[in-house]
>>> print(open('input.txt').read())   # compact mmCIF, C-alpha atoms
# COMPACT_ATOMS: atom_id res chain seq x y z
CA MET A 17 0.00 0.00 0.00
CA GLU A 18 2.88 2.36 0.79
CA ALA A 19 4.53 1.63 -2.57
CA VAL A 20 1.35 2.42 -4.49
CA LEU A 21 0.95 5.68 -2.57
CA ALA A 22 4.59 6.63 -3.15
CA ILE A 23 4.25 5.90 -6.88
CA ALA A 24 1.04 7.97 -7.06
CA ILE A 25 2.73 10.90 -5.29
CA GLY A 26 5.71 10.62 -7.65
CA VAL A 27 3.56 10.49 -10.77
CA LEU A 28 1.46 13.45 -9.63
CA THR A 29 4.57 15.47 -8.80
CA GLY A 30 6.30 14.61 -12.07
CA SER A 31 3.24 15.42 -14.15
CA GLY A 32 2.72 18.64 -12.21
CA VAL A 33 6.29 19.82 -12.73
CA TYR A 34 6.09 18.95 -16.45
CA LEU A 35 2.88 20.95 -16.86
CA LEU A 36 4.25 23.79 -14.71
CA LEU A 37 7.09 24.26 -17.20
CA ARG A 38 4.73 24.50 -20.23
CA PRO A 39 4.22 27.90 -21.90
CA ARG A 40 0.39 28.08 -21.62
CA THR A 41 -1.32 29.42 -18.52
CA PHE A 42 -4.00 26.71 -18.40
CA GLN A 43 -1.30 24.03 -18.33
CA VAL A 44 0.47 25.91 -15.53
CA ILE A 45 -2.74 25.96 -13.48
CA ILE A 46 -3.32 22.24 -14.02
CA GLY A 47 0.32 21.61 -13.03
CA LEU A 48 -0.10 23.55 -9.79
CA THR A 49 -3.27 21.61 -9.06
CA LEU A 50 -1.52 18.26 -9.57
CA ILE A 51 1.36 19.32 -7.31
CA SER A 52 -1.13 20.39 -4.63
CA TYR A 53 -2.80 16.96 -4.86
CA ALA A 54 0.62 15.32 -4.44
CA VAL A 55 1.38 17.45 -1.38
CA ASN A 56 -2.03 16.63 0.10
CA LEU A 57 -1.41 12.91 -0.36
CA PHE A 58 2.03 13.28 1.22
CA ILE A 59 0.60 15.11 4.25
CA PHE A 60 -2.17 12.51 4.54
CA SER A 61 0.38 9.68 4.44
CA THR A 62 2.32 11.18 7.37
CA GLY A 63 -0.53 10.11 9.64
CA ARG A 64 0.40 6.45 9.08
CA LEU A 65 -1.56 4.32 6.67
CA LYS A 66 -3.78 2.03 8.71
CA VAL A 67 -6.45 -0.41 7.62
CA ASP A 68 -9.56 -1.06 9.73
CA SER A 69 -8.96 1.69 12.26
CA GLU A 70 -11.80 3.79 13.60
CA PRO A 71 -11.99 7.31 12.12
CA VAL A 72 -13.93 8.63 15.14
CA LEU A 73 -14.20 7.66 18.78
CA VAL A 74 -16.39 4.65 19.51
CA THR A 75 -17.78 3.78 22.94
CA GLY A 76 -16.05 0.82 24.48
CA ILE A 77 -12.78 1.34 22.60
CA LYS A 78 -10.00 3.22 24.37
CA ALA A 79 -9.09 6.39 22.41
CA THR A 80 -5.41 6.09 21.56
CA LEU A 81 -3.56 6.61 18.32
CA ALA A 82 -3.05 2.84 18.17
CA ASN A 83 -6.83 2.30 17.96
CA THR A 84 -7.94 5.30 15.93
CA ALA A 85 -6.77 7.23 12.90
CA ASP A 86 -4.65 10.33 13.53
CA PRO A 87 -6.94 13.34 12.97
CA MET A 88 -4.16 15.94 12.58
CA PRO A 89 -3.09 15.06 8.99
CA GLN A 90 -6.74 14.83 7.97
CA ALA A 91 -7.41 18.32 9.35
CA LEU A 92 -4.31 19.69 7.63
CA VAL A 93 -5.31 18.14 4.29
CA LEU A 94 -8.85 19.50 4.59
CA THR A 95 -7.46 22.98 5.21
CA ALA A 96 -5.04 22.59 2.30
CA ILE A 97 -7.87 21.53 -0.01
CA VAL A 98 -9.88 24.66 0.85
CA ILE A 99 -6.85 26.90 0.36
CA GLY A 100 -6.05 25.09 -2.91
CA PHE A 101 -9.54 25.77 -4.29
CA ALA A 102 -9.19 29.46 -3.41
CA MET A 103 -5.77 29.68 -5.05
CA THR A 104 -7.05 27.94 -8.19
CA ALA A 105 -9.96 30.38 -8.41
CA LEU A 106 -7.55 33.31 -8.00
CA PHE A 107 -5.26 31.92 -10.72
CA LEU A 108 -8.22 31.47 -13.07
CA VAL A 109 -9.27 35.10 -12.57
CA VAL A 110 -5.71 36.32 -13.17
CA MET A 111 -5.45 34.06 -16.25
CA LEU A 112 -8.69 35.42 -17.71
CA ALA A 113 -7.62 39.02 -17.04
CA SER A 114 -4.24 38.40 -18.65
CA ARG A 115 -5.88 36.80 -21.68
CA GLY A 116 -8.26 39.74 -21.97
CA LEU A 117 -5.43 42.29 -21.78
CA THR A 118 -2.88 40.56 -24.02
CA GLY A 119 -5.11 38.47 -26.30
CA THR A 120 -3.05 35.31 -25.72
CA ASP A 121 -2.71 32.66 -23.03
CA HIS A 122 1.09 32.45 -23.32
CA VAL A 123 2.77 32.96 -19.94
CA ASP A 124 4.97 35.73 -21.33
CA GLY A 125 2.00 37.52 -22.86
CA GLU A 126 3.47 37.29 -26.35
CA GLU A 127 2.86 34.58 -28.89
CA PRO A 128 6.11 33.04 -30.25
CA ALA A 129 6.64 33.59 -33.98
CA ASN A 130 7.27 29.94 -34.92
CA GLU A 131 4.50 28.33 -32.84
>>> encode(input="input.txt", output="structure tokens")
Amino acid sequence: MEAVLAIAIGVLTGSGVYLLLRPRTFQVIIGLTLISYAVNLFIFSTGRLKVDSEPVLVTGIKATLANTADPMPQALVLTAIVIGFAMTALFLVVMLASRGLTGTDHVDGEEPANE
């Protein structure tokens, strides 16, 4: 399970960096989104991957981290998801304004001659 998660984080990070280096603003936004997903998975994995553990407290079971899932990484990831949505919305507004002002979606604001 850890290997699959590590591969998923690596693929998301690699794809995000590749898209981040592309010249179009939409690809840059998708790259940032993929990197944020990779970071969220990494933060979530720091809370130890456990199977069949209780997500909330249950009567009759002693509340220790050995019996329940660690809520701190889950809270951090939830906060990061909300912040990520806000940042994506801000980037989309900036992208649309830049496209309206320059007439192109190239990150430099100028269309290359040979493209």
>>> closest_residue(input="input.txt", among="A:Gly116, A:Leu21, A:Ile59, A:Leu108", to="Thr41 of chain A", atoms="all atoms listed in the file")
A:Leu108
>>> atom_distance(input="input.txt", atom1="atom CA of Thr84 of chain A", atom2="atom CA of Asp68 of chain A")
9.0 Å
>>> closest_residue(input="input.txt", among="A:Ser61, A:Val98, A:Phe107, A:Val123", to="Ala85 of chain A", atoms="all atoms listed in the file")
A:Ser61
>>> residues_near_point(input="input.txt", point="(0.8, 15.1, 2.5)", cutoff="12 Å", atoms="only C-alpha atoms", output="ChimeraX atom specification")
/A:21-22,24-25,29,51-65,88-97
>>> atom_distance(input="input.txt", atom1="atom CA of Gly100 of chain A", atom2="atom CA of Ser31 of chain A")
17.5 Å
>>> closest_residue(input="input.txt", among="A:Val20, A:Thr104, A:Ala82, A:Ile77", to="Ile45 of chain A", atoms="all atoms listed in the file")
A:Thr104
>>> atom_distance(input="input.txt", atom1="atom CA of Leu50 of chain A", atom2="atom CA of Met103 of chain A")
13.0 Å
>>> closest_residue(input="input.txt", among="A:Gly76, A:Glu126, A:Ala19, A:Phe101", to="Leu48 of chain A", atoms="all atoms listed in the file")
A:Phe101
>>> axis_aligned_box(input="input.txt", around="segment 86-94 of chain A", padding_each_side="5 Å", output="AutoDock Vina command-line options")
--center_x -6.0 --center_y 15.0 --center_z 8.9 --size_x 15.8 --size_y 19.4 --size_z 19.2
>>> closest_residue(input="input.txt", among="A:Leu73, A:Met17, A:Ala102, A:Val67", to="Thr49 of chain A", atoms="all atoms listed in the file")
A:Ala102
>>> build_atoms(input="input.txt", residues="segment 73-99 of chain A", atoms="N, CA, C and O atoms", output="mmCIF file, keeping the file's coordinate frame")
data_model
loop_
_atom_site.group_PDB
_atom_site.id
_atom_site.type_symbol
_atom_site.label_atom_id
_atom_site.label_comp_id
_atom_site.auth_asym_id
_atom_site.auth_seq_id
_atom_site.Cartn_x
_atom_site.Cartn_y
_atom_site.Cartn_z
ATOM 1 N N LEU A 73 -14.176 8.398 17.526
ATOM 2 C CA LEU A 73 -14.200 7.660 18.780
ATOM 3 C C LEU A 73 -15.458 6.792 18.862
ATOM 4 O O LEU A 73 -16.552 7.210 18.492
ATOM 5 N N VAL A 74 -15.281 5.593 19.364
ATOM 6 C CA VAL A 74 -16.390 4.650 19.510
ATOM 7 C C VAL A 74 -16.449 4.256 20.982
ATOM 8 O O VAL A 74 -15.411 4.021 21.615
ATOM 9 N N THR A 75 -17.656 4.174 21.531
ATOM 10 C CA THR A 75 -17.780 3.780 22.940
ATOM 11 C C THR A 75 -17.302 2.347 23.112
ATOM 12 O O THR A 75 -17.555 1.478 22.290
ATOM 13 N N GLY A 76 -16.562 2.146 24.185
ATOM 14 C CA GLY A 76 -16.050 0.820 24.480
ATOM 15 C C GLY A 76 -14.641 0.585 23.989
ATOM 16 O O GLY A 76 -14.007 -0.374 24.376
ATOM 17 N N ILE A 77 -14.148 1.467 23.100
ATOM 18 C CA ILE A 77 -12.780 1.340 22.600
ATOM 19 C C ILE A 77 -11.973 2.504 23.154
ATOM 20 O O ILE A 77 -12.384 3.660 23.045
ATOM 21 N N LYS A 78 -10.834 2.184 23.786
ATOM 22 C CA LYS A 78 -10.000 3.220 24.370
ATOM 23 C C LYS A 78 -9.428 4.105 23.250
ATOM 24 O O LYS A 78 -8.946 3.613 22.238
ATOM 25 N N ALA A 79 -9.505 5.426 23.443
ATOM 26 C CA ALA A 79 -9.090 6.390 22.410
ATOM 27 C C ALA A 79 -7.588 6.616 22.467
ATOM 28 O O ALA A 79 -7.101 7.465 23.213
ATOM 29 N N THR A 80 -6.841 5.859 21.721
ATOM 30 C CA THR A 80 -5.410 6.090 21.560
ATOM 31 C C THR A 80 -5.099 6.115 20.072
ATOM 32 O O THR A 80 -5.918 5.707 19.240
ATOM 33 N N LEU A 81 -3.920 6.576 19.730
ATOM 34 C CA LEU A 81 -3.560 6.610 18.320
ATOM 35 C C LEU A 81 -3.348 5.204 17.755
ATOM 36 O O LEU A 81 -3.348 4.996 16.548
ATOM 37 N N ALA A 82 -3.172 4.220 18.641
ATOM 38 C CA ALA A 82 -3.050 2.840 18.170
ATOM 39 C C ALA A 82 -4.404 2.294 17.714
ATOM 40 O O ALA A 82 -4.463 1.429 16.847
ATOM 41 N N ASN A 83 -5.495 2.810 18.304
ATOM 42 C CA ASN A 83 -6.830 2.300 17.960
ATOM 43 C C ASN A 83 -7.555 3.148 16.926
ATOM 44 O O ASN A 83 -8.461 2.661 16.266
ATOM 45 N N THR A 84 -7.208 4.412 16.833
ATOM 46 C CA THR A 84 -7.940 5.300 15.930
ATOM 47 C C THR A 84 -6.976 5.942 14.929
ATOM 48 O O THR A 84 -5.764 5.907 15.096
ATOM 49 N N ALA A 85 -7.562 6.513 13.893
ATOM 50 C CA ALA A 85 -6.770 7.230 12.900
ATOM 51 C C ALA A 85 -6.319 8.568 13.494
ATOM 52 O O ALA A 85 -7.005 9.146 14.338
ATOM 53 N N ASP A 86 -5.164 9.045 13.046
ATOM 54 C CA ASP A 86 -4.650 10.330 13.530
ATOM 55 C C ASP A 86 -5.421 11.460 12.848
ATOM 56 O O ASP A 86 -5.398 11.576 11.616
ATOM 57 N N PRO A 87 -6.122 12.304 13.598
ATOM 58 C CA PRO A 87 -6.940 13.340 12.970
ATOM 59 C C PRO A 87 -6.148 14.553 12.484
ATOM 60 O O PRO A 87 -6.653 15.330 11.683
ATOM 61 N N MET A 88 -4.917 14.739 12.947
ATOM 62 C CA MET A 88 -4.160 15.940 12.580
ATOM 63 C C MET A 88 -3.861 16.011 11.080
ATOM 64 O O MET A 88 -4.116 17.052 10.455
ATOM 65 N N PRO A 89 -3.321 14.955 10.440
ATOM 66 C CA PRO A 89 -3.090 15.060 8.990
ATOM 67 C C PRO A 89 -4.382 15.262 8.211
ATOM 68 O O PRO A 89 -4.393 15.970 7.196
ATOM 69 N N GLN A 90 -5.473 14.650 8.673
ATOM 70 C CA GLN A 90 -6.740 14.830 7.970
ATOM 71 C C GLN A 90 -7.204 16.285 8.053
ATOM 72 O O GLN A 90 -7.700 16.843 7.070
ATOM 73 N N ALA A 91 -7.037 16.912 9.205
ATOM 74 C CA ALA A 91 -7.410 18.320 9.350
ATOM 75 C C ALA A 91 -6.514 19.216 8.495
ATOM 76 O O ALA A 91 -6.991 20.172 7.871
ATOM 77 N N LEU A 92 -5.227 18.894 8.453
ATOM 78 C CA LEU A 92 -4.310 19.690 7.630
ATOM 79 C C LEU A 92 -4.650 19.562 6.149
ATOM 80 O O LEU A 92 -4.635 20.546 5.400
ATOM 81 N N VAL A 93 -4.969 18.343 5.697
ATOM 82 C CA VAL A 93 -5.310 18.140 4.290
ATOM 83 C C VAL A 93 -6.614 18.846 3.951
ATOM 84 O O VAL A 93 -6.740 19.455 2.880
ATOM 85 N N LEU A 94 -7.579 18.806 4.840
ATOM 86 C CA LEU A 94 -8.850 19.500 4.590
ATOM 87 C C LEU A 94 -8.615 21.001 4.452
ATOM 88 O O LEU A 94 -9.169 21.651 3.551
ATOM 89 N N THR A 95 -7.796 21.557 5.311
ATOM 90 C CA THR A 95 -7.460 22.980 5.210
ATOM 91 C C THR A 95 -6.711 23.268 3.913
ATOM 92 O O THR A 95 -6.982 24.262 3.228
ATOM 93 N N ALA A 96 -5.801 22.385 3.535
ATOM 94 C CA ALA A 96 -5.040 22.590 2.300
ATOM 95 C C ALA A 96 -5.938 22.506 1.077
ATOM 96 O O ALA A 96 -5.730 23.228 0.095
ATOM 97 N N ILE A 97 -6.939 21.636 1.114
ATOM 98 C CA ILE A 97 -7.870 21.530 -0.010
ATOM 99 C C ILE A 97 -8.644 22.836 -0.179
ATOM 100 O O ILE A 97 -8.808 23.359 -1.289
ATOM 101 N N VAL A 98 -9.117 23.396 0.922
ATOM 102 C CA VAL A 98 -9.880 24.660 0.850
ATOM 103 C C VAL A 98 -8.990 25.785 0.319
ATOM 104 O O VAL A 98 -9.398 26.561 -0.553
ATOM 105 N N ILE A 99 -7.773 25.873 0.827
ATOM 106 C CA ILE A 99 -6.850 26.900 0.360
ATOM 107 C C ILE A 99 -6.498 26.668 -1.115
ATOM 108 O O ILE A 99 -6.394 27.613 -1.904
#
